[in-house]
file work-v9.tsv (TSV, C-alpha atoms)
chain	number	residue	atom	x	y	z
A	1	MET	CA	24.43	-21.54	4.58
A	2	HIS	CA	28.02	-21.11	3.41
A	3	VAL	CA	29.93	-17.80	3.23
A	4	THR	CA	32.95	-17.10	1.03
A	5	LEU	CA	34.97	-13.89	0.92
A	6	ASP	CA	37.00	-12.87	-2.09
A	7	ASN	CA	38.55	-10.29	-4.38
A	8	PRO	CA	37.83	-11.50	-7.93
A	9	ALA	CA	40.92	-11.28	-10.15
A	10	THR	CA	38.76	-9.89	-12.98
A	11	ALA	CA	37.72	-6.82	-10.94
A	12	PRO	CA	39.65	-3.83	-9.61
A	13	GLN	CA	41.57	-4.82	-6.51
A	14	PRO	CA	40.82	-3.26	-3.11
A	15	LEU	CA	42.78	-0.35	-1.72
A	16	GLY	CA	43.36	-2.14	1.57
A	17	PRO	CA	43.47	-5.58	3.16
A	18	TYR	CA	39.80	-6.54	2.97
A	19	SER	CA	37.47	-8.69	0.88
A	20	GLN	CA	35.29	-6.87	-1.61
A	21	VAL	CA	32.62	-9.55	-1.91
A	22	ALA	CA	30.94	-11.73	0.68
A	23	ARG	CA	28.95	-14.47	-1.06
A	24	VAL	CA	26.30	-16.10	1.11
A	25	GLN	CA	25.30	-19.36	-0.56
A	26	LEU	CA	21.64	-20.19	0.06
A	27	ALA	CA	20.11	-23.64	0.43
A	28	ASP	CA	18.20	-23.33	-2.87
A	29	GLY	CA	21.45	-22.79	-4.81
A	30	GLY	CA	21.08	-19.03	-5.10
A	31	ALA	CA	23.28	-16.55	-3.30
A	32	LEU	CA	23.31	-13.09	-1.77
A	33	LEU	CA	26.30	-10.93	-2.65
A	34	TYR	CA	27.44	-8.22	-0.27
A	35	LEU	CA	29.82	-5.80	-2.00
A	36	SER	CA	31.99	-3.53	0.08
A	37	GLY	CA	31.96	0.20	-0.51
A	38	GLN	CA	33.57	1.21	-3.80
A	39	ILE	CA	35.26	4.49	-4.60
A	40	ALA	CA	36.89	5.62	-7.84
A	41	ALA	CA	39.32	8.24	-9.05
A	42	GLY	CA	38.11	11.11	-11.17
A	43	ASP	CA	37.46	14.79	-11.44
A	44	GLY	CA	33.96	15.41	-10.19
A	45	ILE	CA	30.98	13.40	-9.14
A	46	ALA	CA	30.02	12.12	-12.61
A	47	GLU	CA	33.43	10.66	-13.39
A	48	GLN	CA	33.76	9.08	-9.94
A	49	THR	CA	30.23	7.64	-10.15
A	50	HIS	CA	30.96	6.07	-13.55
A	51	GLY	CA	34.11	4.50	-12.04
A	52	VAL	CA	32.20	3.17	-9.05
A	53	PHE	CA	29.55	1.52	-11.22
A	54	ALA	CA	32.23	0.02	-13.48
A	55	ALA	CA	33.86	-1.56	-10.40
A	56	LEU	CA	30.52	-2.80	-9.04
A	57	SER	CA	29.67	-4.29	-12.43
A	58	ALA	CA	33.00	-6.16	-12.59
A	59	LEU	CA	32.61	-7.51	-9.05
A	60	LEU	CA	29.06	-8.70	-9.75
A	61	ARG	CA	30.00	-10.21	-13.13
A	62	ALA	CA	32.71	-12.31	-11.42
A	63	HIS	CA	29.91	-13.93	-9.41
A	64	GLY	CA	27.46	-14.39	-12.27
A	65	ALA	CA	25.34	-11.34	-11.46
A	66	THR	CA	24.68	-7.97	-13.06
A	67	LEU	CA	23.72	-4.49	-11.94
A	68	ALA	CA	20.08	-5.53	-12.54
A	69	ASP	CA	20.48	-7.99	-9.64
A	70	ILE	CA	21.12	-5.24	-7.07
A	71	ILE	CA	18.47	-5.31	-4.35
A	72	ASN	CA	19.93	-2.67	-2.01
A	73	ILE	CA	22.30	0.22	-2.58
A	74	ARG	CA	23.84	2.46	0.05
A	75	THR	CA	25.50	5.67	-1.11
A	76	PHE	CA	27.80	7.93	0.88
A	77	LEU	CA	28.27	11.49	-0.44
A	78	THR	CA	30.64	14.10	0.94
A	79	ASP	CA	28.45	16.87	-0.50
A	80	MET	CA	24.70	16.48	-0.89
A	81	ASP	CA	24.82	19.11	-3.66
A	82	ASP	CA	26.34	16.26	-5.75
A	83	LEU	CA	23.15	14.18	-5.40
A	84	PRO	CA	21.62	15.25	-8.76
A	85	GLY	CA	24.87	14.45	-10.60
A	86	TYR	CA	25.12	11.06	-8.91
A	87	ALA	CA	21.44	10.31	-9.59
A	88	ALA	CA	21.79	11.16	-13.29
A	89	VAL	CA	24.71	8.75	-13.74
A	90	ARG	CA	23.08	6.07	-11.57
A	91	ARG	CA	19.99	6.11	-13.82
A	92	THR	CA	22.18	5.19	-16.81
A	93	TYR	CA	23.35	2.03	-15.02
A	94	LEU	CA	20.22	1.03	-13.07
A	95	THR	CA	17.52	1.18	-15.73
A	96	GLY	CA	14.90	-1.17	-14.29
A	97	THR	CA	12.94	-0.98	-11.07
A	98	PRO	CA	15.15	0.93	-8.62
A	99	PRO	CA	16.56	-1.11	-5.72
A	100	THR	CA	15.95	-0.14	-2.13
A	101	SER	CA	18.41	2.58	-1.26
A	102	THR	CA	19.84	4.89	1.33
A	103	THR	CA	21.95	7.98	0.74
A	104	VAL	CA	24.06	9.30	3.59
A	105	SER	CA	25.96	12.55	3.91
A	106	VAL	CA	29.45	12.09	5.37
A	107	PRO	CA	32.18	14.67	6.06
A	108	ARG	CA	34.86	12.66	4.24
A	109	LEU	CA	35.69	9.21	2.94
A	110	PHE	CA	38.65	6.80	3.18
A	111	LYS	CA	40.53	8.73	0.50
A	112	PRO	CA	40.21	12.50	0.95
A	113	GLU	CA	39.70	13.09	-2.80
A	114	ALA	CA	36.76	10.66	-2.95
A	115	LEU	CA	33.37	12.33	-3.32
A	116	ILE	CA	31.26	9.16	-3.31
A	117	GLU	CA	31.30	5.59	-2.01
A	118	VAL	CA	28.71	2.96	-2.90
A	119	GLU	CA	28.06	-0.48	-1.40
A	120	VAL	CA	25.43	-2.94	-2.59
A	121	VAL	CA	23.65	-6.18	-1.85
A	122	ALA	CA	22.68	-8.26	-4.88
A	123	SER	CA	20.91	-11.54	-5.53
A	124	CYS	CA	22.41	-14.29	-7.62
A	125	ALA	CA	20.07	-16.92	-9.03
A	126	ALA	CA	20.66	-20.63	-8.56
A	127	GLY	CA	23.01	-22.07	-11.15
A	128	ARG	CA	25.16	-18.98	-11.51
A	129	PRO	CA	28.83	-19.38	-10.61

call {"tool": "encode", "arguments": {"input": "work-v9.tsv", "output": "structure tokens"}}
result
Amino acid sequence: MHVTLDNPATAPQPLGPYSQVARVQLADGGALLYLSGQIAAGDGIAEQTHGVFAALSALLRAHGATLADIINIRTFLTDMDDLPGYAAVRRTYLTGTPPTSTTVSVPRLFKPEALIEVEVVASCAAGRP
């Protein structure tokens, strides 16, 4: 098994000194992608959720994967009353069988104006960059 850490140039850059993607190369040529928590600017949960999924999509695309390859999603919300708004936007991006998921209520996030943070694990088939 080989692990690489990176911040793809084609995706939004992180807000701090960390890697956004850990790629675990598997013996069969496939990979598991661990994406760090993503937040986005915006007024309200819908706008921030759209921004988060745009960032996740760009990070996955840089590794040859798509949102359909997500196998686990962990969501952090500062207000559980925002759950229906988040869920409505999420359904527009994740249209197939839903991945395993966990939603956690937190008092605040890294940036005080952030309402949501999402991290994912995705699979990447053999032969994808």

call {"tool": "atom_distance", "arguments": {"input": "work-v9.tsv", "atom1": "CA of Gly44 in chain A", "atom2": "CA of Val106 in chain A"}}
result
16.5 Å

call {"tool": "closest_residue", "arguments": {"input": "work-v9.tsv", "among": "A:Leu109, A:Val3, A:Leu32, A:Val89", "to": "His63 in chain A", "atoms": "only C-alpha atoms"}}
result
A:Leu32

call {"tool": "residues_near_point", "arguments": {"input": "work-v9.tsv", "point": "(31.3, -2.8, 0.2)", "cutoff": "10 Å", "atoms": "all atoms listed in the file", "output": "number ranges by chain"}}
result
A: 18-22, 33-39, 56, 73-74, 117-121

call {"tool": "closest_residue", "arguments": {"input": "work-v9.tsv", "among": "A:Gly16, A:Arg23, A:Gly30, A:Tyr93", "to": "Ala54 in chain A", "atoms": "only C-alpha atoms"}}
result
A:Tyr93

call {"tool": "closest_residue", "arguments": {"input": "work-v9.tsv", "among": "A:Ala122, A:Ile45, A:Ala31, A:Met1", "to": "Leu60 in chain A", "atoms": "all atoms listed in the file"}}
result
A:Ala122

call {"tool": "atom_distance", "arguments": {"input": "work-v9.tsv", "atom1": "CA of Thr97 in chain A", "atom2": "CA of Gly64 in chain A"}}
result
19.8 Å

call {"tool": "atom_distance", "arguments": {"input": "work-v9.tsv", "atom1": "CA of Asp82 in chain A", "atom2": "CA of Ala68 in chain A"}}
result
23.7 Å

call {"tool": "build_atoms", "arguments": {"input": "work-v9.tsv", "residues": "range 110-123 of chain A", "atoms": "N, CA and C atoms", "output": "PDB file, keeping the file's coordinate frame"}}
result
ATOM      1  N   PHE A 110      37.355   7.445   2.973  1.00  0.00           N
ATOM      2  CA  PHE A 110      38.650   6.800   3.180  1.00  0.00           C
ATOM      3  C   PHE A 110      39.782   7.549   2.486  1.00  0.00           C
ATOM      4  N   LYS A 111      39.559   7.927   1.248  1.00  0.00           N
ATOM      5  CA  LYS A 111      40.530   8.730   0.500  1.00  0.00           C
ATOM      6  C   LYS A 111      39.961  10.152   0.442  1.00  0.00           C
ATOM      7  N   PRO A 112      40.725  11.124   0.866  1.00  0.00           N
ATOM      8  CA  PRO A 112      40.210  12.500   0.950  1.00  0.00           C
ATOM      9  C   PRO A 112      39.648  13.048  -0.374  1.00  0.00           C
ATOM     10  N   GLU A 113      40.175  12.593  -1.511  1.00  0.00           N
ATOM     11  CA  GLU A 113      39.700  13.090  -2.800  1.00  0.00           C
ATOM     12  C   GLU A 113      38.409  12.420  -3.271  1.00  0.00           C
ATOM     13  N   ALA A 114      37.980  11.373  -2.578  1.00  0.00           N
ATOM     14  CA  ALA A 114      36.760  10.660  -2.950  1.00  0.00           C
ATOM     15  C   ALA A 114      35.531  11.495  -2.582  1.00  0.00           C
ATOM     16  N   LEU A 115      34.614  11.598  -3.526  1.00  0.00           N
ATOM     17  CA  LEU A 115      33.370  12.330  -3.320  1.00  0.00           C
ATOM     18  C   LEU A 115      32.202  11.396  -3.018  1.00  0.00           C
ATOM     19  N   ILE A 116      32.355  10.118  -3.399  1.00  0.00           N
ATOM     20  CA  ILE A 116      31.260   9.160  -3.310  1.00  0.00           C
ATOM     21  C   ILE A 116      31.797   7.764  -3.006  1.00  0.00           C
ATOM     22  N   GLU A 117      31.034   7.015  -2.238  1.00  0.00           N
ATOM     23  CA  GLU A 117      31.300   5.590  -2.010  1.00  0.00           C
ATOM     24  C   GLU A 117      29.964   4.880  -2.073  1.00  0.00           C
ATOM     25  N   VAL A 118      29.959   3.708  -2.717  1.00  0.00           N
ATOM     26  CA  VAL A 118      28.710   2.960  -2.900  1.00  0.00           C
ATOM     27  C   VAL A 118      28.945   1.505  -2.521  1.00  0.00           C
ATOM     28  N   GLU A 119      28.032   0.950  -1.714  1.00  0.00           N
ATOM     29  CA  GLU A 119      28.060  -0.480  -1.400  1.00  0.00           C
ATOM     30  C   GLU A 119      26.694  -1.052  -1.772  1.00  0.00           C
ATOM     31  N   VAL A 120      26.691  -2.328  -2.151  1.00  0.00           N
ATOM     32  CA  VAL A 120      25.430  -2.940  -2.590  1.00  0.00           C
ATOM     33  C   VAL A 120      25.274  -4.354  -2.055  1.00  0.00           C
ATOM     34  N   VAL A 121      24.014  -4.789  -2.074  1.00  0.00           N
ATOM     35  CA  VAL A 121      23.650  -6.180  -1.850  1.00  0.00           C
ATOM     36  C   VAL A 121      22.926  -6.602  -3.124  1.00  0.00           C
ATOM     37  N   ALA A 122      23.297  -7.763  -3.650  1.00  0.00           N
ATOM     38  CA  ALA A 122      22.680  -8.260  -4.880  1.00  0.00           C
ATOM     39  C   ALA A 122      22.273  -9.709  -4.704  1.00  0.00           C
ATOM     40  N   SER A 123      21.328 -10.138  -5.521  1.00  0.00           N
ATOM     41  CA  SER A 123      20.910 -11.540  -5.530  1.00  0.00           C
ATOM     42  C   SER A 123      21.559 -12.226  -6.719  1.00  0.00           C
TER      43      SER A 123
END
